$ cat my_file_32.cif   # mmCIF, C-alpha atoms
data_final
loop_
_atom_site.label_atom_id
_atom_site.label_comp_id
_atom_site.auth_asym_id
_atom_site.auth_seq_id
_atom_site.Cartn_x
_atom_site.Cartn_y
_atom_site.Cartn_z
CA MET A 1 32.27 24.15 58.11
CA ALA A 2 28.78 25.62 57.90
CA SER A 3 25.81 23.63 59.19
CA LEU A 4 22.05 23.86 58.98
CA LEU A 5 20.22 24.79 62.20
CA GLU A 6 16.60 24.46 63.06
CA PRO A 7 15.63 22.06 60.24
CA PRO A 8 11.97 22.39 59.41
CA PRO A 9 9.62 19.51 60.15
CA PHE A 10 8.16 17.68 57.12
CA SER A 11 4.44 17.27 56.93
CA PRO A 12 2.52 14.89 54.63
CA SER A 13 1.14 17.86 52.76
CA SER A 14 4.53 19.37 51.98
CA THR A 15 4.97 20.64 48.45
CA LEU A 16 8.03 20.87 46.28
CA PRO A 17 10.87 23.09 47.56
CA VAL A 18 11.19 26.68 46.46
CA ALA A 19 14.82 27.53 45.72
CA HIS A 20 16.55 30.69 46.99
CA HIS A 21 20.13 31.70 46.30
CA ARG A 22 21.94 33.69 48.97
CA SER A 23 25.48 35.04 49.15
CA CYS A 24 27.00 34.68 52.62
CA THR A 25 30.38 35.93 53.93
CA LEU A 26 32.38 34.29 56.70
CA GLN A 27 35.08 36.09 58.67
CA ASN A 28 38.42 36.28 56.90
CA SER A 29 37.10 34.40 53.88
CA LYS A 30 35.85 35.05 50.40
CA PRO A 31 32.11 35.25 49.62
CA ILE A 32 30.45 31.82 49.39
CA ASN A 33 27.29 31.12 47.36
CA TYR A 34 24.87 28.72 49.09
CA PHE A 35 21.80 27.03 47.60
CA LEU A 36 19.18 27.01 50.33
CA PRO A 37 15.84 25.27 49.72
CA ILE A 38 12.90 26.69 51.65
CA PHE A 39 10.43 23.92 52.51
CA ARG A 40 6.88 25.16 52.71
CA THR A 41 4.31 23.26 54.68
CA SER A 42 0.61 23.67 54.43
CA ASN A 43 0.47 26.24 57.25
CA TYR A 44 3.79 28.04 57.42
CA ALA A 45 7.21 28.50 55.89
CA THR A 46 10.28 27.84 58.02
CA SER A 47 13.45 29.84 57.53
CA LEU A 48 16.88 28.26 57.53
CA ARG A 49 19.95 29.89 59.00
CA LEU A 50 23.66 29.37 58.46
CA CYS A 51 26.17 29.56 61.26
CA ALA A 52 29.91 29.60 61.31
CA ALA A 53 31.92 26.93 63.08
CA ASP A 54 31.84 28.87 66.40
CA GLY A 55 28.04 29.09 66.36
CA GLU A 56 27.78 32.71 65.26
CA ILE A 57 24.95 33.33 62.83
CA VAL A 58 26.37 34.49 59.54
CA ASP A 59 23.20 35.06 57.59
CA SER A 60 19.62 34.00 57.53
CA VAL A 61 17.15 33.47 54.75
CA PRO A 62 13.96 35.42 55.15
CA GLU A 63 10.64 33.70 54.89
CA PRO A 64 9.07 33.88 51.42
CA SER A 65 6.50 36.59 50.95
CA PRO A 66 2.77 35.73 51.11
CA LEU A 67 2.48 36.69 47.45
CA LEU A 68 5.10 34.06 46.51
CA SER A 69 3.28 31.41 48.54
CA LEU A 70 -0.06 32.29 46.95
CA THR A 71 1.46 32.18 43.47
CA ALA A 72 2.93 28.74 44.12
CA ASP A 73 -0.43 27.43 45.37
CA ILE A 74 -2.24 28.78 42.32
CA SER A 75 0.39 27.32 39.96
CA ALA A 76 0.09 23.89 41.57
CA GLN A 77 -3.71 24.00 41.32
CA GLU A 78 -3.59 25.07 37.69
CA TYR A 79 -1.13 22.30 36.92
CA ASN A 80 -3.36 19.67 38.53
CA VAL A 81 -6.41 20.97 36.67
CA SER A 82 -4.49 21.02 33.38
CA LEU A 83 -3.28 17.46 34.00
CA GLU A 84 -6.82 16.24 34.64
CA ARG A 85 -8.11 17.98 31.53
CA SER A 86 -5.31 16.43 29.45
CA LYS A 87 -6.21 12.96 30.73
CA ASP A 88 -9.87 13.58 29.92
CA ARG A 89 -9.02 14.74 26.40
CA ARG A 90 -6.85 11.69 25.76
CA LYS A 91 -9.65 9.45 26.98
CA VAL A 92 -12.21 11.14 24.72
CA VAL A 93 -9.89 10.96 21.71
CA GLY A 94 -9.17 7.29 22.41
CA LEU A 95 -12.86 6.42 22.57
CA ALA A 96 -13.57 8.37 19.38
CA TRP A 97 -10.74 6.59 17.57
CA GLU A 98 -12.02 3.17 18.66
CA LYS A 99 -15.50 4.03 17.37
CA LEU A 100 -14.03 5.23 14.05
CA VAL A 101 -12.04 2.02 13.61
CA ARG A 102 -15.10 -0.12 14.37
CA TRP A 103 -17.24 1.91 11.97
CA SER A 104 -14.60 1.64 9.23
CA ARG A 105 -14.33 -2.13 9.61
CA ASN A 106 -18.08 -2.56 9.57
CA TRP A 107 -18.41 -0.34 6.50
CA GLN A 108 -15.68 -2.24 4.64
CA SER A 109 -17.28 -5.54 5.56
CA MET A 110 -20.70 -4.42 4.37
CA ALA A 111 -19.29 -2.89 1.17
CA LYS A 112 -17.35 -6.07 0.48
CA SER A 113 -20.39 -8.27 0.91
CA ASP A 114 -22.52 -5.87 -1.15
CA VAL A 115 -20.16 -6.07 -4.16
CA LEU A 116 -19.97 -9.85 -4.02
CA GLU A 117 -23.72 -10.22 -3.51
CA ARG A 118 -24.50 -7.92 -6.45
CA THR A 119 -22.00 -9.64 -8.74
CA ASN A 120 -23.49 -12.64 -10.49
CA LYS A 121 -21.28 -13.05 -13.53
CA VAL A 122 -17.70 -12.21 -14.45
CA VAL A 123 -16.12 -12.73 -17.87
CA VAL A 124 -12.41 -13.15 -18.60
CA LEU A 125 -11.29 -12.42 -22.15
CA GLY A 126 -8.34 -14.68 -22.87
CA GLY A 127 -7.42 -18.11 -21.55
CA GLY A 128 -3.69 -17.55 -21.08
CA SER A 129 -1.77 -18.02 -17.86
CA PHE A 130 -2.76 -14.81 -16.10
CA GLY A 131 -6.33 -14.83 -17.39
CA THR A 132 -6.79 -18.37 -16.07
CA ALA A 133 -5.20 -17.50 -12.73
CA MET A 134 -7.42 -14.45 -12.29
CA ALA A 135 -10.53 -16.44 -13.25
CA ALA A 136 -9.65 -19.04 -10.62
CA HIS A 137 -9.11 -16.37 -7.98
CA VAL A 138 -12.43 -14.64 -8.67
CA ALA A 139 -14.29 -17.96 -8.79
CA ASP A 140 -12.95 -18.85 -5.35
CA ARG A 141 -14.38 -15.65 -3.92
CA LYS A 142 -17.96 -16.84 -4.33
CA SER A 143 -19.08 -20.34 -5.21
CA GLN A 144 -22.36 -19.11 -6.76
CA LEU A 145 -20.52 -16.68 -9.03
CA GLU A 146 -20.54 -17.57 -12.72
CA VAL A 147 -17.10 -17.07 -14.27
CA LYS A 148 -16.86 -17.36 -18.04
CA ILE A 149 -13.54 -17.58 -19.88
CA LEU A 150 -13.60 -16.66 -23.57
CA VAL A 151 -10.96 -18.71 -25.40
CA ARG A 152 -10.09 -19.37 -29.05
CA ASP A 153 -8.60 -22.83 -28.62
CA HIS A 154 -11.31 -25.52 -28.64
CA GLU A 155 -8.98 -27.97 -26.92
CA ILE A 156 -8.49 -25.62 -23.98
CA CYS A 157 -12.23 -24.96 -23.86
CA GLU A 158 -13.02 -28.65 -23.66
CA SER A 159 -10.29 -29.29 -21.10
CA ILE A 160 -11.61 -26.59 -18.76
CA ASN A 161 -15.25 -27.69 -19.04
CA THR A 162 -14.56 -31.41 -18.83
CA ASN A 163 -11.55 -31.81 -16.54
CA HIS A 164 -11.55 -28.35 -14.89
CA ARG A 165 -7.96 -27.82 -15.99
CA ASN A 166 -6.24 -25.57 -18.51
CA CYS A 167 -4.32 -28.27 -20.37
CA LYS A 168 -1.91 -25.80 -21.99
CA TYR A 169 -0.92 -23.46 -19.17
CA PHE A 170 -1.90 -25.11 -15.86
CA PRO A 171 -2.36 -28.84 -16.47
CA GLY A 172 -1.50 -29.62 -12.85
CA HIS A 173 -3.98 -27.22 -11.24
CA LYS A 174 -7.66 -28.00 -10.85
CA LEU A 175 -9.91 -25.02 -11.50
CA PRO A 176 -13.05 -24.18 -9.49
CA GLU A 177 -16.16 -25.84 -10.87
CA ASN A 178 -17.96 -22.50 -11.36
CA ILE A 179 -15.53 -21.62 -14.17
CA ILE A 180 -16.97 -22.26 -17.62
CA ALA A 181 -15.00 -21.83 -20.85
CA THR A 182 -16.62 -20.79 -24.11
CA THR A 183 -15.71 -19.77 -27.63
CA ASP A 184 -18.98 -17.87 -28.08
CA VAL A 185 -18.49 -14.11 -27.61
CA LYS A 186 -22.17 -13.34 -27.12
CA ASP A 187 -22.60 -16.08 -24.53
CA ALA A 188 -19.52 -14.91 -22.64
CA LEU A 189 -20.48 -11.23 -22.43
CA LEU A 190 -24.23 -11.51 -21.92
CA GLY A 191 -25.20 -10.33 -18.44
CA ALA A 192 -21.62 -9.86 -17.22
CA ASP A 193 -21.02 -7.49 -14.30
CA PHE A 194 -17.24 -7.20 -14.76
CA CYS A 195 -14.94 -7.97 -17.70
CA PHE A 196 -11.26 -8.90 -17.24
CA HIS A 197 -9.26 -8.20 -20.39
CA ALA A 198 -6.31 -10.62 -20.62
CA VAL A 199 -5.63 -10.51 -24.36
CA PRO A 200 -2.05 -9.52 -25.38
CA VAL A 201 -1.73 -5.81 -26.15
CA GLN A 202 -0.62 -6.29 -29.74
CA PHE A 203 -3.82 -8.21 -30.60
CA SER A 204 -6.22 -6.23 -28.40
CA ALA A 205 -7.38 -3.62 -30.93
CA LEU A 206 -8.53 -6.08 -33.59
CA PHE A 207 -10.03 -8.41 -31.02
CA LEU A 208 -12.03 -5.66 -29.28
CA GLU A 209 -13.29 -4.30 -32.58
CA SER A 210 -14.61 -7.75 -33.44
CA ILE A 211 -16.62 -8.07 -30.21
CA SER A 212 -17.69 -4.43 -29.78
CA ASP A 213 -21.28 -5.16 -30.84
CA TYR A 214 -21.74 -7.47 -27.84
CA VAL A 215 -20.19 -5.20 -25.20
CA ASP A 216 -22.54 -3.31 -22.90
CA PRO A 217 -21.60 0.42 -22.79
CA GLY A 218 -21.59 0.32 -18.98
CA LEU A 219 -19.59 -2.90 -18.57
CA PRO A 220 -16.43 -2.20 -16.51
CA PHE A 221 -13.26 -3.37 -18.27
CA ILE A 222 -10.40 -4.45 -15.98
CA SER A 223 -7.19 -4.63 -17.98
CA LEU A 224 -4.66 -7.33 -17.09
CA SER A 225 -2.55 -6.68 -20.21
CA LYS A 226 0.73 -4.81 -19.84
CA GLY A 227 2.42 -3.04 -22.71
CA LEU A 228 2.26 -0.43 -25.44
CA GLU A 229 0.79 -0.96 -28.89
CA LEU A 230 3.48 -1.12 -31.56
CA ASN A 231 3.65 1.82 -33.99
CA THR A 232 0.98 3.84 -32.12
CA TYR A 233 2.49 3.48 -28.61
CA LYS A 234 -1.03 3.55 -27.20
CA MET A 235 -1.79 2.27 -23.70
CA MET A 236 -4.68 -0.07 -22.91
CA SER A 237 -6.61 2.84 -21.40
CA GLN A 238 -6.57 4.37 -24.89
CA ILE A 239 -6.96 1.17 -26.93
CA ILE A 240 -10.08 -0.15 -25.20
CA PRO A 241 -12.32 2.96 -25.55
CA ARG A 242 -11.11 3.55 -29.10
CA SER A 243 -11.66 -0.05 -30.23
CA LEU A 244 -15.08 -0.29 -28.57
CA ARG A 245 -16.05 3.11 -29.99
CA ASN A 246 -17.12 4.23 -26.54
CA PRO A 247 -14.99 6.93 -24.86
CA ARG A 248 -17.03 6.50 -21.66
CA GLN A 249 -16.41 2.77 -21.26
CA PRO A 250 -15.62 2.19 -17.53
CA TYR A 251 -11.94 1.28 -17.26
CA VAL A 252 -9.70 -0.08 -14.51
CA VAL A 253 -6.11 -1.31 -14.80
CA LEU A 254 -4.80 -4.07 -12.53
CA SER A 255 -1.04 -4.32 -12.14
CA GLY A 256 1.73 -5.13 -9.70
CA PRO A 257 4.36 -7.78 -8.91
CA SER A 258 2.45 -10.98 -9.60
CA PHE A 259 3.30 -14.27 -11.29
CA ALA A 260 0.31 -16.28 -12.48
CA LEU A 261 1.76 -19.49 -11.04
CA GLU A 262 2.02 -18.06 -7.53
CA LEU A 263 -1.48 -16.60 -7.80
CA MET A 264 -2.75 -20.08 -8.73
CA ASN A 265 -0.91 -21.53 -5.72
CA LYS A 266 -2.63 -18.95 -3.47
CA LEU A 267 0.66 -17.45 -2.29
CA PRO A 268 0.50 -13.95 -0.71
CA THR A 269 0.39 -11.28 -3.41
CA ALA A 270 -0.14 -7.51 -3.51
CA MET A 271 -1.41 -5.57 -6.51
CA VAL A 272 -2.90 -2.18 -7.34
CA VAL A 273 -6.04 -1.17 -9.23
CA ALA A 274 -6.07 2.25 -10.86
CA SER A 275 -9.00 4.16 -12.28
CA LYS A 276 -10.09 7.75 -12.70
CA ASP A 277 -13.40 6.66 -11.17
CA LYS A 278 -12.70 6.21 -7.46
CA LYS A 279 -15.91 4.28 -6.83
CA MET A 280 -15.09 1.85 -9.61
CA ALA A 281 -11.58 1.29 -8.24
CA ASN A 282 -13.04 0.61 -4.79
CA ALA A 283 -15.57 -1.83 -6.24
CA VAL A 284 -12.85 -3.83 -8.02
CA GLN A 285 -10.75 -3.76 -4.87
CA GLN A 286 -13.62 -5.28 -2.88
CA LEU A 287 -14.26 -7.85 -5.60
CA LEU A 288 -10.66 -9.10 -5.64
CA ALA A 289 -9.24 -8.55 -2.15
CA SER A 290 -8.85 -11.76 -0.16
CA ARG A 291 -6.69 -13.40 2.49
CA THR A 292 -3.96 -14.04 -0.08
CA LEU A 293 -4.40 -11.06 -2.41
CA ARG A 294 -4.07 -7.50 -1.14
CA ILE A 295 -5.40 -4.79 -3.44
CA SER A 296 -4.47 -1.10 -3.21
CA THR A 297 -6.25 1.64 -5.16
CA SER A 298 -4.89 4.53 -7.19
CA SER A 299 -6.12 7.24 -9.53
CA ASP A 300 -2.85 7.33 -11.50
CA VAL A 301 -3.78 5.22 -14.52
CA THR A 302 -0.92 6.56 -16.64
CA GLY A 303 1.75 5.81 -14.03
CA VAL A 304 0.52 2.25 -13.45
CA GLU A 305 0.32 1.46 -17.18
CA ILE A 306 3.65 3.02 -18.18
CA ALA A 307 5.51 1.25 -15.39
CA GLY A 308 3.88 -2.06 -16.29
CA ALA A 309 4.84 -1.68 -19.95
CA LEU A 310 8.41 -0.42 -19.73
CA LYS A 311 9.48 -2.87 -17.04
CA ASN A 312 9.29 -5.58 -19.73
CA VAL A 313 12.00 -3.86 -21.77
CA LEU A 314 14.14 -3.45 -18.67
CA ALA A 315 13.65 -7.14 -17.81
CA ILE A 316 14.94 -8.23 -21.23
CA ALA A 317 18.01 -6.03 -20.78
CA ALA A 318 18.57 -7.47 -17.30
CA GLY A 319 18.36 -10.96 -18.76
CA ILE A 320 20.97 -10.08 -21.41
CA VAL A 321 23.34 -8.89 -18.68
CA GLU A 322 22.82 -12.22 -16.92
CA GLY A 323 23.33 -14.19 -20.13
CA LEU A 324 26.58 -12.38 -20.90
CA ASN A 325 27.85 -12.95 -17.32
CA LEU A 326 28.60 -9.26 -16.87
CA GLY A 327 28.28 -9.50 -13.08
CA ASN A 328 26.17 -8.04 -10.33
CA ASN A 329 27.65 -4.55 -10.57
CA SER A 330 26.47 -4.21 -14.14
CA MET A 331 23.05 -5.60 -13.24
CA ALA A 332 22.58 -3.10 -10.42
CA ALA A 333 23.71 -0.19 -12.60
CA LEU A 334 21.39 -1.20 -15.44
CA VAL A 335 18.29 -1.60 -13.30
CA ALA A 336 18.94 1.59 -11.31
CA GLN A 337 19.41 3.67 -14.46
CA GLY A 338 16.41 2.01 -16.06
CA CYS A 339 14.20 2.87 -13.09
CA SER A 340 15.39 6.47 -13.27
CA GLU A 341 14.56 6.73 -16.98
CA ILE A 342 11.13 5.12 -16.53
CA ARG A 343 10.35 7.56 -13.74
CA TRP A 344 11.46 10.52 -15.86
CA LEU A 345 9.36 9.46 -18.84
CA ALA A 346 6.29 8.63 -16.78
CA THR A 347 6.29 11.94 -14.93
CA LYS A 348 6.65 13.79 -18.24
CA MET A 349 3.51 11.97 -19.38
CA GLY A 350 1.63 13.12 -16.29
CA ALA A 351 2.24 10.22 -13.90
CA LYS A 352 2.87 10.68 -10.18
CA SER A 353 6.40 9.95 -9.01
CA THR A 354 5.03 8.06 -5.99
CA THR A 355 3.37 5.56 -8.33
CA LEU A 356 6.75 4.64 -9.81
CA THR A 357 8.08 3.73 -6.36
CA GLY A 358 5.07 1.60 -5.48
CA LEU A 359 3.81 -1.87 -6.33
CA SER A 360 3.22 -1.21 -10.03
CA GLY A 361 6.60 0.48 -10.41
CA THR A 362 9.55 -0.63 -8.32
CA GLY A 363 7.73 -3.74 -7.10
CA ASP A 364 6.98 -5.05 -10.57
CA ILE A 365 10.44 -4.10 -11.87
CA MET A 366 12.19 -6.01 -9.08
CA LEU A 367 10.10 -9.13 -9.70
CA THR A 368 10.52 -9.06 -13.47
CA CYS A 369 14.24 -8.26 -13.55
CA PHE A 370 15.55 -10.57 -10.84
CA VAL A 371 13.34 -13.68 -10.76
CA ASN A 372 13.76 -16.63 -13.13
CA LEU A 373 9.98 -17.06 -13.56
CA SER A 374 9.95 -13.81 -15.57
CA ARG A 375 9.31 -14.58 -19.25
CA ASN A 376 10.93 -11.41 -20.57
CA ARG A 377 13.99 -11.92 -18.40
CA THR A 378 14.26 -15.47 -19.75
CA VAL A 379 14.28 -14.11 -23.30
CA GLY A 380 17.12 -11.78 -22.37
CA VAL A 381 19.14 -14.56 -20.76
CA ARG A 382 18.80 -16.73 -23.85
CA LEU A 383 19.69 -13.81 -26.14
CA GLY A 384 22.76 -13.09 -24.06
CA SER A 385 23.72 -16.74 -24.26
CA GLY A 386 23.76 -16.57 -28.08
CA GLU A 387 20.36 -17.95 -29.14
CA LYS A 388 18.39 -16.34 -31.96
CA LEU A 389 15.22 -14.41 -31.15
CA ASP A 390 13.03 -16.38 -33.59
CA ASP A 391 14.08 -19.67 -32.03
CA ILE A 392 13.38 -18.33 -28.56
CA LEU A 393 9.91 -17.03 -29.42
CA SER A 394 8.88 -20.21 -31.21
CA SER A 395 9.74 -22.27 -28.14
CA MET A 396 7.72 -20.20 -25.66
CA ASN A 397 3.97 -20.41 -25.15
CA GLN A 398 3.29 -17.21 -23.28
CA LEU A 399 5.75 -14.48 -24.12
CA TYR A 400 4.33 -11.08 -25.01
CA ILE A 401 7.15 -8.63 -25.49
CA LEU A 402 5.82 -5.18 -24.66
CA GLY A 403 2.52 -6.84 -23.92
CA GLY A 404 2.22 -8.40 -20.47
#
$ encode --input "my_file_32.cif" --output "structure tokens"
Amino acid sequence: MASLLEPPPFSPSSTLPVAHHRSCTLQNSKPINYFLPIFRTSNYATSLRLCAADGEIVDSVPEPSPLLSLTADISAQEYNVSLERSKDRRKVVGLAWEKLVRWSRNWQSMAKSDVLERTNKVVVLGGGSFGTAMAAHVADRKSQLEVKILVRDHEICESINTNHRNCKYFPGHKLPENIIATTDVKDALLGADFCFHAVPVQFSALFLESISDYVDPGLPFISLSKGLELNTYKMMSQIIPRSLRNPRQPYVVLSGPSFALELMNKLPTAMVVASKDKKMANAVQQLLASRTLRISTSSDVTGVEIAGALKNVLAIAAGIVEGLNLGNNSMAALVAQGCSEIRWLATKMGAKSTTLTGLSGTGDIMLTCFVNLSRNRTVGVRLGSGEKLDDILSSMNQLYILGG
């Protein structure tokens, strides 16, 4: 049995061992490979020797060369310097990142306050469920903000101004006192900073043509209406400029998984605003974003509008499957295939595929197809149960097939 003789003393400044492999041969035995660490101290290197059982020295390991020692010292120094530099770089990057985050938060805060401070009046065209809910949300953002709702029904107008309630759509919800309803187009639009368009798609063209003389050419239109115009298959981004006879009318579309009732109840909601004008999209984002409403921005107007329109058709089909009791397998197959076809069509029209998997695409489809609050899904369920379409439509206040 071989043993180690003359073990080297360990000093506090000892460095890591340098490994040497030696092949040693004992008498009447096969060659044996030993792993012998050479421990270097700060002043010298000690050699280790192997002896046989009778004390005869079999082999010895020579001391490492001065060049090897010098190389090890230089490598250790370089490693320590590199480690210190790495720590310094991480520290610098960390400080820079903290400054960037603070600057970003301050900028967002200032931009948010600037938009609200500069906005004195907002008009909502249409006193339906979603128009009323959006008016209430904007009015809550700033108590000094004047929010006008343009309605046709004199009863609703009086109810909002007298009782602060929309007697037809939200009789149980009190509206902010800075909301004023009117039937006067000129009064509603005069001096407005933003205009929310909540008129059903199928009636939008005629309505906009009738008020075009009162619309400021620079007034930003924020479309809340989802759908395609029958016969022409035009989107709201095409209908509004055409009807107002102003191809440069600022336009933003607001869409996403959102029920008006939950927006009125201030439940957490996420939506997306899309515009070809990035600054305009950011301005609307800052106007609407709150503790309960998260707003994302996009430049893909086509993708947001197509997804918002075609999900209504898919929701009616999903409701029919439910009404016919065809089961969950059929429902999953229908919705999955419908999503695939919507994505195919939208991308052919120039939309981004990522838009179709976001809030305005998959998010809105899931909400509309699977939740009982969905109006279009309700129509499908009743159709599948055997009711006639005319009877269904006559019994519903706020159904706009292909029109939000």
$ residues_around --input "my_file_32.cif" --residues "Thr302 in chain A" --least-positions-apart "2" --cutoff "8 Å" --atoms "all atoms listed in the file" --output "ChimeraX atom specification"
/A:300,304-306,346,349-351
$ atom_distance --input "my_file_32.cif" --atom1 "CA of Arg291 in chain A" --atom2 "CA of Pro257 in chain A"
16.8 Å
$ residues_around --input "my_file_32.cif" --residues "range 115-129 of chain A" --least-positions-apart "5" --cutoff "6 Å" --atoms "only C-alpha atoms" --output "JSON, numbers by chain"
{"A": [145, 146, 147, 148, 149, 150, 151, 169, 192, 193, 194, 195, 196, 197, 198, 199]}
$ residues_near_point --input "my_file_32.cif" --point "(-4.6, -13.7, -5.5)" --cutoff "8 Å" --atoms "all atoms listed in the file" --output "PyMOL selection string"
chain A and resi 134+137+263-264+266-270+288-290+292-294
$ resolve_selection --input "my_file_32.cif" --expression "the PyMOL selection byres ((chain A and resi 209) around 10)" --output "ChimeraX atom specification"
/A:204-208,210-213,240,242-245
$ residues_around --input "my_file_32.cif" --residues "Gln238 in chain A" --least-positions-apart "6" --cutoff "12 Å" --atoms "only C-alpha atoms" --output "NGL selection string"
:A and (201 or 204-205 or 223 or 227-229 or 232 or 244-253 or 301-302 or 305)
$ write_last_selection --input "my_file_32.cif" --atoms "C-alpha atoms" --output "short mmCIF file (atom, residue, chain, number, x, y, z; two decimals), keeping the file's coordinate frame"
data_model
loop_
_atom_site.label_atom_id
_atom_site.label_comp_id
_atom_site.auth_asym_id
_atom_site.auth_seq_id
_atom_site.Cartn_x
_atom_site.Cartn_y
_atom_site.Cartn_z
CA VAL A 201 -1.73 -5.81 -26.15
CA SER A 204 -6.22 -6.23 -28.40
CA ALA A 205 -7.38 -3.62 -30.93
CA SER A 223 -7.19 -4.63 -17.98
CA GLY A 227 2.42 -3.04 -22.71
CA LEU A 228 2.26 -0.43 -25.44
CA GLU A 229 0.79 -0.96 -28.89
CA THR A 232 0.98 3.84 -32.12
CA LEU A 244 -15.08 -0.29 -28.57
CA ARG A 245 -16.05 3.11 -29.99
CA ASN A 246 -17.12 4.23 -26.54
CA PRO A 247 -14.99 6.93 -24.86
CA ARG A 248 -17.03 6.50 -21.66
CA GLN A 249 -16.41 2.77 -21.26
CA PRO A 250 -15.62 2.19 -17.53
CA TYR A 251 -11.94 1.28 -17.26
CA VAL A 252 -9.70 -0.08 -14.51
CA VAL A 253 -6.11 -1.31 -14.80
CA VAL A 301 -3.78 5.22 -14.52
CA THR A 302 -0.92 6.56 -16.64
CA GLU A 305 0.32 1.46 -17.18
#
$ resolve_selection --input "my_file_32.cif" --expression "the PyMOL selection byres ((chain A and resi 364-375) around 7)" --output "list in words"
Gly256, Pro257, Lys311, Ala315, Ala318, Leu359, Ser360, Gly361, Thr362, Gly363, Asn376, Arg377, Thr378, Val379 and Leu399 of chain A
